[in-house]
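A.B. asks: Sharing final-v3.pdb here; it has PDB, C-alpha atoms and all ligand atoms.
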ATOM      1  CA  MET U   6      54.146 142.279 148.332
ATOM      2  CA  GLY U   7      51.683 139.833 146.776
ATOM      3  CA  GLU U   8      48.157 140.811 145.770
ATOM      4  CA  MET U   9      45.025 139.404 147.436
ATOM      5  CA  ILE U  10      43.020 137.824 144.602
ATOM      6  CA  GLY U  11      40.309 136.047 146.636
ATOM      7  CA  PHE U  12      39.874 133.027 148.856
ATOM      8  CA  ILE U  13      39.514 129.273 148.536
ATOM      9  CA  GLY U  14      38.969 127.197 151.654
ATOM     10  CA  LEU U  15      37.018 124.944 153.979
ATOM     11  CA  GLY U  16      34.289 126.386 156.170
ATOM     12  CA  VAL U  17      31.279 125.591 158.327
ATOM     13  CA  PRO U  18      28.063 127.128 156.938
ATOM     14  CA  SER U  19      26.459 129.484 159.440
ATOM     15  CA  PHE U  20      22.889 128.821 158.268
ATOM     16  CA  GLU U  21      20.646 125.804 158.836
ATOM     17  CA  ALA U  22      19.675 123.493 155.998
ATOM     18  CA  HIS U  23      18.881 119.816 155.598
ATOM     19  CA  PHE U  24      22.605 118.992 155.120
ATOM     20  CA  THR U  25      23.995 121.064 158.027
ATOM     21  CA  PRO U  26      26.056 120.907 160.156
ATOM     22  CA  CYS U  27      28.731 120.123 157.567
ATOM     23  CA  ILE U  28      32.018 121.301 156.119
ATOM     24  CA  GLU U  29      31.975 123.028 152.752
ATOM     25  CA  ILE U  30      34.567 123.917 150.165
ATOM     26  CA  GLY U  31      34.051 127.475 148.964
ATOM     27  CA  TRP U  32      35.756 130.078 146.782
ATOM     28  CA  ARG U  33      35.550 133.578 145.399
ATOM     29  CA  LEU U  34      38.105 135.163 143.107
ATOM     30  CA  ALA U  35      38.485 138.651 141.645
ATOM     31  CA  ALA U  36      37.056 138.703 138.125
ATOM     32  CA  ARG U  37      40.344 139.471 136.410
ATOM     33  CA  TYR U  38      41.658 136.097 137.620
ATOM     34  CA  TRP U  39      38.771 133.954 136.357
ATOM     35  CA  ASN U  40      39.168 131.183 133.811
ATOM     36  CA  ARG U  41      42.816 130.414 134.535
ATOM     37  CA  GLY U  42      42.104 127.219 136.472
ATOM     38  CA  LEU U  43      42.889 128.852 139.820
ATOM     39  CA  ALA U  44      39.653 127.919 141.610
ATOM     40  CA  THR U  45      39.964 124.336 140.424
ATOM     41  CA  GLU U  46      43.587 124.085 141.528
ATOM     42  CA  GLY U  47      42.859 125.588 144.953
ATOM     43  CA  ALA U  48      39.662 123.629 145.560
ATOM     44  CA  ALA U  49      41.356 120.359 144.624
ATOM     45  CA  ALA U  50      44.138 121.174 147.115
ATOM     46  CA  MET U  51      41.508 121.872 149.818
ATOM     47  CA  LEU U  52      39.811 118.557 149.058
ATOM     48  CA  ARG U  53      43.142 116.742 149.454
ATOM     49  CA  HIS U  54      43.908 118.659 152.641
ATOM     50  CA  GLY U  55      40.512 117.782 154.120
ATOM     51  CA  ARG U  56      40.906 114.145 153.242
ATOM     52  CA  GLU U  57      44.578 113.541 153.982
ATOM     53  CA  GLU U  58      45.367 115.971 156.817
ATOM     54  CA  LEU U  59      42.000 116.374 158.532
ATOM     55  CA  GLY U  60      40.548 112.918 157.876
ATOM     56  CA  LEU U  61      37.257 114.308 156.565
ATOM     57  CA  THR U  62      35.153 111.838 154.596
ATOM     58  CA  ASP U  63      32.160 113.945 153.662
ATOM     59  CA  LEU U  64      32.468 117.464 152.239
ATOM     60  CA  VAL U  65      29.895 119.544 150.411
ATOM     61  CA  SER U  66      29.921 122.498 148.081
ATOM     62  CA  PHE U  67      26.960 124.569 146.951
ATOM     63  CA  THR U  68      26.207 127.504 144.727
ATOM     64  CA  ALA U  69      23.311 129.317 143.122
ATOM     65  CA  MET U  70      21.811 127.113 140.420
ATOM     66  CA  PRO U  71      22.719 129.447 137.500
ATOM     67  CA  ASN U  72      26.378 129.744 138.612
ATOM     68  CA  LEU U  73      27.789 127.537 135.878
ATOM     69  CA  PRO U  74      31.496 128.378 136.458
ATOM     70  CA  SER U  75      31.270 127.263 140.109
ATOM     71  CA  ARG U  76      29.329 124.136 139.141
ATOM     72  CA  ARG U  77      32.021 123.354 136.597
ATOM     73  CA  VAL U  78      34.721 123.731 139.274
ATOM     74  CA  MET U  79      32.804 121.302 141.509
ATOM     75  CA  GLU U  80      32.601 118.779 138.695
ATOM     76  CA  LYS U  81      36.281 119.197 137.791
ATOM     77  CA  ILE U  82      37.380 118.374 141.342
ATOM     78  CA  GLY U  83      35.219 115.252 141.322
ATOM     79  CA  LEU U  84      32.218 116.298 143.406
ATOM     80  CA  VAL U  85      28.860 114.866 142.396
ATOM     81  CA  HIS U  86      25.559 116.716 142.142
ATOM     82  CA  ASP U  87      23.117 115.535 144.819
ATOM     83  CA  ALA U  88      20.025 116.581 142.884
ATOM     84  CA  VAL U  89      17.590 115.616 145.649
ATOM     85  CA  GLY U  90      19.668 117.800 147.984
ATOM     86  CA  ASP U  91      19.129 121.076 146.094
ATOM     87  CA  PHE U  92      17.696 123.746 148.388
ATOM     88  CA  ASP U  93      16.450 127.313 148.738
ATOM     89  CA  HIS U  94      19.177 129.338 150.449
ATOM     90  CA  PRO U  95      17.683 130.786 153.635
ATOM     91  CA  ARG U  96      19.771 133.979 153.322
ATOM     92  CA  VAL U  97      18.520 134.792 149.804
ATOM     93  CA  PRO U  98      15.113 136.507 149.674
ATOM     94  CA  GLU U  99      12.132 134.527 148.442
ATOM     95  CA  GLY U 100      11.577 135.069 144.724
ATOM     96  CA  HIS U 101      15.198 136.129 144.046
ATOM     97  CA  TRP U 102      16.661 134.443 140.949
ATOM     98  CA  LEU U 103      19.692 133.209 142.935
ATOM     99  CA  ARG U 104      17.715 131.638 145.796
ATOM    100  CA  ARG U 105      17.684 128.081 144.423
ATOM    101  CA  HIS U 106      21.011 126.366 145.172
ATOM    102  CA  VAL U 107      22.587 123.145 143.951
ATOM    103  CA  LEU U 108      24.314 120.803 146.391
ATOM    104  CA  TYR U 109      27.412 118.813 145.439
ATOM    105  CA  ARG U 110      29.080 116.176 147.623
ATOM    106  CA  THR U 111      32.178 114.084 147.825
ATOM    107  CA  ARG U 112      31.657 110.427 147.044
ATOM    108  CA  ARG U 113      32.339 108.567 150.297
ATOM    109  CA  TRP U 114      33.497 105.459 148.459
ATOM    110  CA  GLU U 115      36.468 107.379 147.065
ATOM    111  CA  PHE U 116      38.007 107.748 150.508
TER
HETATM  112  C1  LIG V 201      33.413 130.619 140.300
HETATM  113  C2  LIG V 201      34.853 131.094 140.211
HETATM  114  C3  LIG V 201      35.492 130.977 141.555
HETATM  115  C4  LIG V 201      35.581 130.231 139.175
HETATM  116  O1  LIG V 201      36.966 130.450 139.299
HETATM  117  P1  LIG V 201      37.973 130.145 138.103
HETATM  118  O2  LIG V 201      39.356 130.214 138.672
HETATM  119  O3  LIG V 201      37.609 131.020 136.974
HETATM  120  O4  LIG V 201      37.611 128.632 137.754
HETATM  121  P2  LIG V 201      38.418 127.666 136.765
HETATM  122  O5  LIG V 201      39.177 128.478 135.775
HETATM  123  O6  LIG V 201      39.169 126.708 137.594
HETATM  124  O7  LIG V 201      37.227 126.884 136.035
HETATM  125  C5  LIG V 201      36.117 127.591 135.519
HETATM  126  C6  LIG V 201      35.347 126.662 134.585
HETATM  127  O8  LIG V 201      34.062 127.249 134.335
HETATM  128  C7  LIG V 201      33.889 127.350 132.930
HETATM  129  N1  LIG V 201      33.025 128.495 132.658
HETATM  130  C8  LIG V 201      33.364 129.798 132.728
HETATM  131  N2  LIG V 201      32.284 130.538 132.399
HETATM  132  C9  LIG V 201      31.275 129.668 132.116
HETATM  133  C10 LIG V 201      29.917 129.824 131.732
HETATM  134  N3  LIG V 201      29.356 131.034 131.561
HETATM  135  N4  LIG V 201      29.165 128.712 131.542
HETATM  136  C11 LIG V 201      29.693 127.490 131.715
HETATM  137  N5  LIG V 201      30.987 127.268 132.093
HETATM  138  C12 LIG V 201      31.755 128.359 132.291
HETATM  139  C13 LIG V 201      35.276 127.516 132.387
HETATM  140  O9  LIG V 201      35.308 127.228 131.007
HETATM  141  C14 LIG V 201      36.020 126.488 133.231
HETATM  142  O10 LIG V 201      35.753 125.150 132.830
HETATM  143  P3  LIG V 201      36.752 124.329 131.838
HETATM  144  O11 LIG V 201      38.073 124.224 132.544
HETATM  145  O12 LIG V 201      36.075 123.018 131.657
HETATM  146  O13 LIG V 201      36.875 125.125 130.579
HETATM  147  C15 LIG V 201      34.897 132.557 139.817
HETATM  148  O14 LIG V 201      34.242 132.662 138.590
HETATM  149  C16 LIG V 201      34.259 133.484 140.851
HETATM  150  O15 LIG V 201      34.900 133.866 141.830
HETATM  151  N6  LIG V 201      32.974 133.896 140.633
HETATM  152  C17 LIG V 201      32.281 134.861 141.461
HETATM  153  C18 LIG V 201      32.008 134.417 142.869
HETATM  154  C19 LIG V 201      31.360 133.091 142.940
HETATM  155  O16 LIG V 201      30.552 132.735 142.113
HETATM  156  N7  LIG V 201      31.748 132.371 143.984
HETATM  157  C20 LIG V 201      31.266 131.083 144.224
HETATM  158  C21 LIG V 201      30.085 131.110 145.086
HETATM  159  S1  LIG V 201      29.751 129.445 145.492
END
Do you think you could lay out the structure here as structure tokens?

C.D. replies:
Amino acid sequence: MGEMIGFIGLGVPSFEAHFTPCIEIGWRLAARYWNRGLATEGAAAMLRHGREELGLTDLVSFTAMPNLPSRRVMEKIGLVHDAVGDFDHPRVPEGHWLRRHVLYRTRRWEF
């Protein structure tokens, strides 16, 4: 039987922010599988699925500001950083170093 190594998929954030309601692309992989291009491959497939099968024109992705690997994945699949959209995640305690989040979006004109 195959091994569960993480998830990559579309979801609806369950918290309120200036860009919700929306559909996000998210991922989390077990550390031993990092840096093999898996998140990029899976996230790109989700982007195509959202666009071609579900007809979605506007997807977001977000992560803690210091999470450079996730930001790199977002850039590699063609999302753009919406710098004025960056936000403090309401589920991360005030003052925590991971509270500030970056917001990336699809570019509508690509669809
Ligand atoms: C973020 C995560 C999913 C990335 O998955 P992955 O399969 O390793 O991603 P990829 O291999 O497709 O791409 C990773 C990119 O980040 C780069 N990277 C890795 N560590 C880095 C660092 N410390 N600083 C900058 N870039 C880094 C890699 O070089 C690669 O870019 P490249 O192809 O240009 O060389 C994985 O690290 C993870 O699950 N992290 C923990 C959970 C998490 O952060 N989830 C996301 C919450 S939004």

A.B. asks: Take every atom of ligand LIG 201 (chain V) listed in the file, fit an axis-aligned box around them, add 8 Å per side, and give the centre and edge lengths in Å to one decimal as lines of an AutoDock Vina configuration file.

C.D. replies:
center_x = 34.3
center_y = 128.9
center_z = 138.0
size_x = 26.2
size_y = 27.8
size_z = 30.9

A.B. asks: Step by step, measure atom-to-atom distances between ligand LIG 201 (chain V) and each residue using only C-alpha atoms and all ligand atoms, keep those at most 10 Å, then write them as a CSV table (one decimal) with C-alpha atoms, keeping the file's coordinate frame.

C.D. replies:
chain,number,residue,atom,x,y,z
U,10,ILE,CA,43.0,137.8,144.6
U,11,GLY,CA,40.3,136.0,146.6
U,12,PHE,CA,39.9,133.0,148.9
U,13,ILE,CA,39.5,129.3,148.5
U,29,GLU,CA,32.0,123.0,152.8
U,30,ILE,CA,34.6,123.9,150.2
U,31,GLY,CA,34.1,127.5,149.0
U,32,TRP,CA,35.8,130.1,146.8
U,33,ARG,CA,35.6,133.6,145.4
U,34,LEU,CA,38.1,135.2,143.1
U,35,ALA,CA,38.5,138.7,141.6
U,36,ALA,CA,37.1,138.7,138.1
U,37,ARG,CA,40.3,139.5,136.4
U,38,TYR,CA,41.7,136.1,137.6
U,39,TRP,CA,38.8,134.0,136.4
U,40,ASN,CA,39.2,131.2,133.8
U,41,ARG,CA,42.8,130.4,134.5
U,42,GLY,CA,42.1,127.2,136.5
U,43,LEU,CA,42.9,128.9,139.8
U,44,ALA,CA,39.7,127.9,141.6
U,45,THR,CA,40.0,124.3,140.4
U,46,GLU,CA,43.6,124.1,141.5
U,47,GLY,CA,42.9,125.6,145.0
U,48,ALA,CA,39.7,123.6,145.6
U,49,ALA,CA,41.4,120.4,144.6
U,66,SER,CA,29.9,122.5,148.1
U,67,PHE,CA,27.0,124.6,147.0
U,68,THR,CA,26.2,127.5,144.7
U,69,ALA,CA,23.3,129.3,143.1
U,70,MET,CA,21.8,127.1,140.4
U,71,PRO,CA,22.7,129.4,137.5
U,72,ASN,CA,26.4,129.7,138.6
U,73,LEU,CA,27.8,127.5,135.9
U,74,PRO,CA,31.5,128.4,136.5
U,75,SER,CA,31.3,127.3,140.1
U,76,ARG,CA,29.3,124.1,139.1
U,77,ARG,CA,32.0,123.4,136.6
U,78,VAL,CA,34.7,123.7,139.3
U,79,MET,CA,32.8,121.3,141.5
U,80,GLU,CA,32.6,118.8,138.7
U,81,LYS,CA,36.3,119.2,137.8
U,82,ILE,CA,37.4,118.4,141.3
U,106,HIS,CA,21.0,126.4,145.2
U,107,VAL,CA,22.6,123.1,144.0

A.B. asks: Return the single residue from U:Val65, U:Leu15, U:Ala88, U:Met6 that is closest to U:Arg105, with distances computed using only C-alpha atoms.

C.D. replies: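 Between U:Val65, U:Leu15, U:Ala88, U:Met6, the residue approaching U:Arg105 most closely is U:Ala88.
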
A.B. asks: Quote the spacing between atom CA of U:Asp91 and atom CA of U:Thr62 in Å to one decimal place.

C.D. replies: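 Between these atoms lies a distance of 20.4 Å.
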
A.B. asks: Using all atoms listed in the file, pick whichever of U:Arg112, U:Glu99, U:Asp63, U:Asp93 has the shortest atom-to-atom distance to U:Cys27.

C.D. replies: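 Closest to U:Cys27, using all atoms listed in the file: U:Asp63.
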
A.B. asks: Could you give me, as a PDB file with C-alpha atoms, keeping the file's coordinate frame, the residues within 8 Å of U:Pro95, counting only C-alpha atoms and dropping anything in the same chain fewer than 6 positions from it?

C.D. replies:
ATOM      1  CA  PHE U  20      22.889 128.821 158.268  1.00  0.00           C
ATOM      2  CA  GLU U  21      20.646 125.804 158.836  1.00  0.00           C
ATOM      3  CA  ALA U  22      19.675 123.493 155.998  1.00  0.00           C
ATOM      4  CA  ARG U 104      17.715 131.638 145.796  1.00  0.00           C
TER       5      ARG U 104
END

A.B. asks: Using the chain letters and numbering of this document, enumerate as a ChimeraX atom specification the residues selected by the PyMOL selection byres (((chain U and resi 86) around 8) and not hetatm).

C.D. replies: /U:84-85,87-88,107-110

A.B. asks: Residues at most 9 Å from U:His23, counting all atoms listed in the file, excluding those fewer than 2 positions away in the same chain, as a list in words?

C.D. replies: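 Those residues are Glu21, Thr25, Pro26, Gly90 and Phe92 of chain U.
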
A.B. asks: Since we have the selection now, will you write its residues out, keeping C-alpha atoms, as a PDB file, in the frame of the given file?

C.D. replies:
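Dumped to part.pdb:
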ATOM      1  CA  GLU U  21      20.646 125.804 158.836  1.00  0.00           C
ATOM      2  CA  THR U  25      23.995 121.064 158.027  1.00  0.00           C
ATOM      3  CA  PRO U  26      26.056 120.907 160.156  1.00  0.00           C
ATOM      4  CA  GLY U  90      19.668 117.800 147.984  1.00  0.00           C
ATOM      5  CA  PHE U  92      17.696 123.746 148.388  1.00  0.00           C
TER       6      PHE U  92
END

A.B. asks: Closest to U:His94 among U:Glu57, U:Pro18, U:Ala50, U:Thr111, using only C-alpha atoms?

C.D. replies: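 Among U:Glu57, U:Pro18, U:Ala50, U:Thr111, it is U:Pro18 that comes nearest to U:His94.
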
A.B. asks: To one decimal place in Å, what is the distance between atom CA of U:Leu52 and atom CA of U:Glu8?

C.D. replies: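 Computing the Euclidean distance for atom CA of U:Leu52 and atom CA of U:Glu8 yields 24.0 Å.
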
A.B. asks: Could you check how far atom CA of U:Gly55 sits from atom CA of U:Ile28, in Å to one decimal?

C.D. replies: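 Computed distance, atom CA of U:Gly55 to atom CA of U:Ile28, equals 9.4 Å.
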
A.B. asks: Taking all atoms listed in the file into account, name the residue in U:Leu103, U:Leu59, U:Val97, U:Leu64 that is nearest to U:Gly83.

C.D. replies: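 Checking each of U:Leu103, U:Leu59, U:Val97, U:Leu64 against U:Gly83, counting all atoms listed in the file, the winner is U:Leu64.
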
A.B. asks: Which of these, U:Phe24, U:Val89, U:Ser19, U:Gly14, has the shortest distance to U:Met51 once you count only C-alpha atoms?

C.D. replies: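 Among the listed residues, the smallest separation from U:Met51 belongs to U:Gly14.
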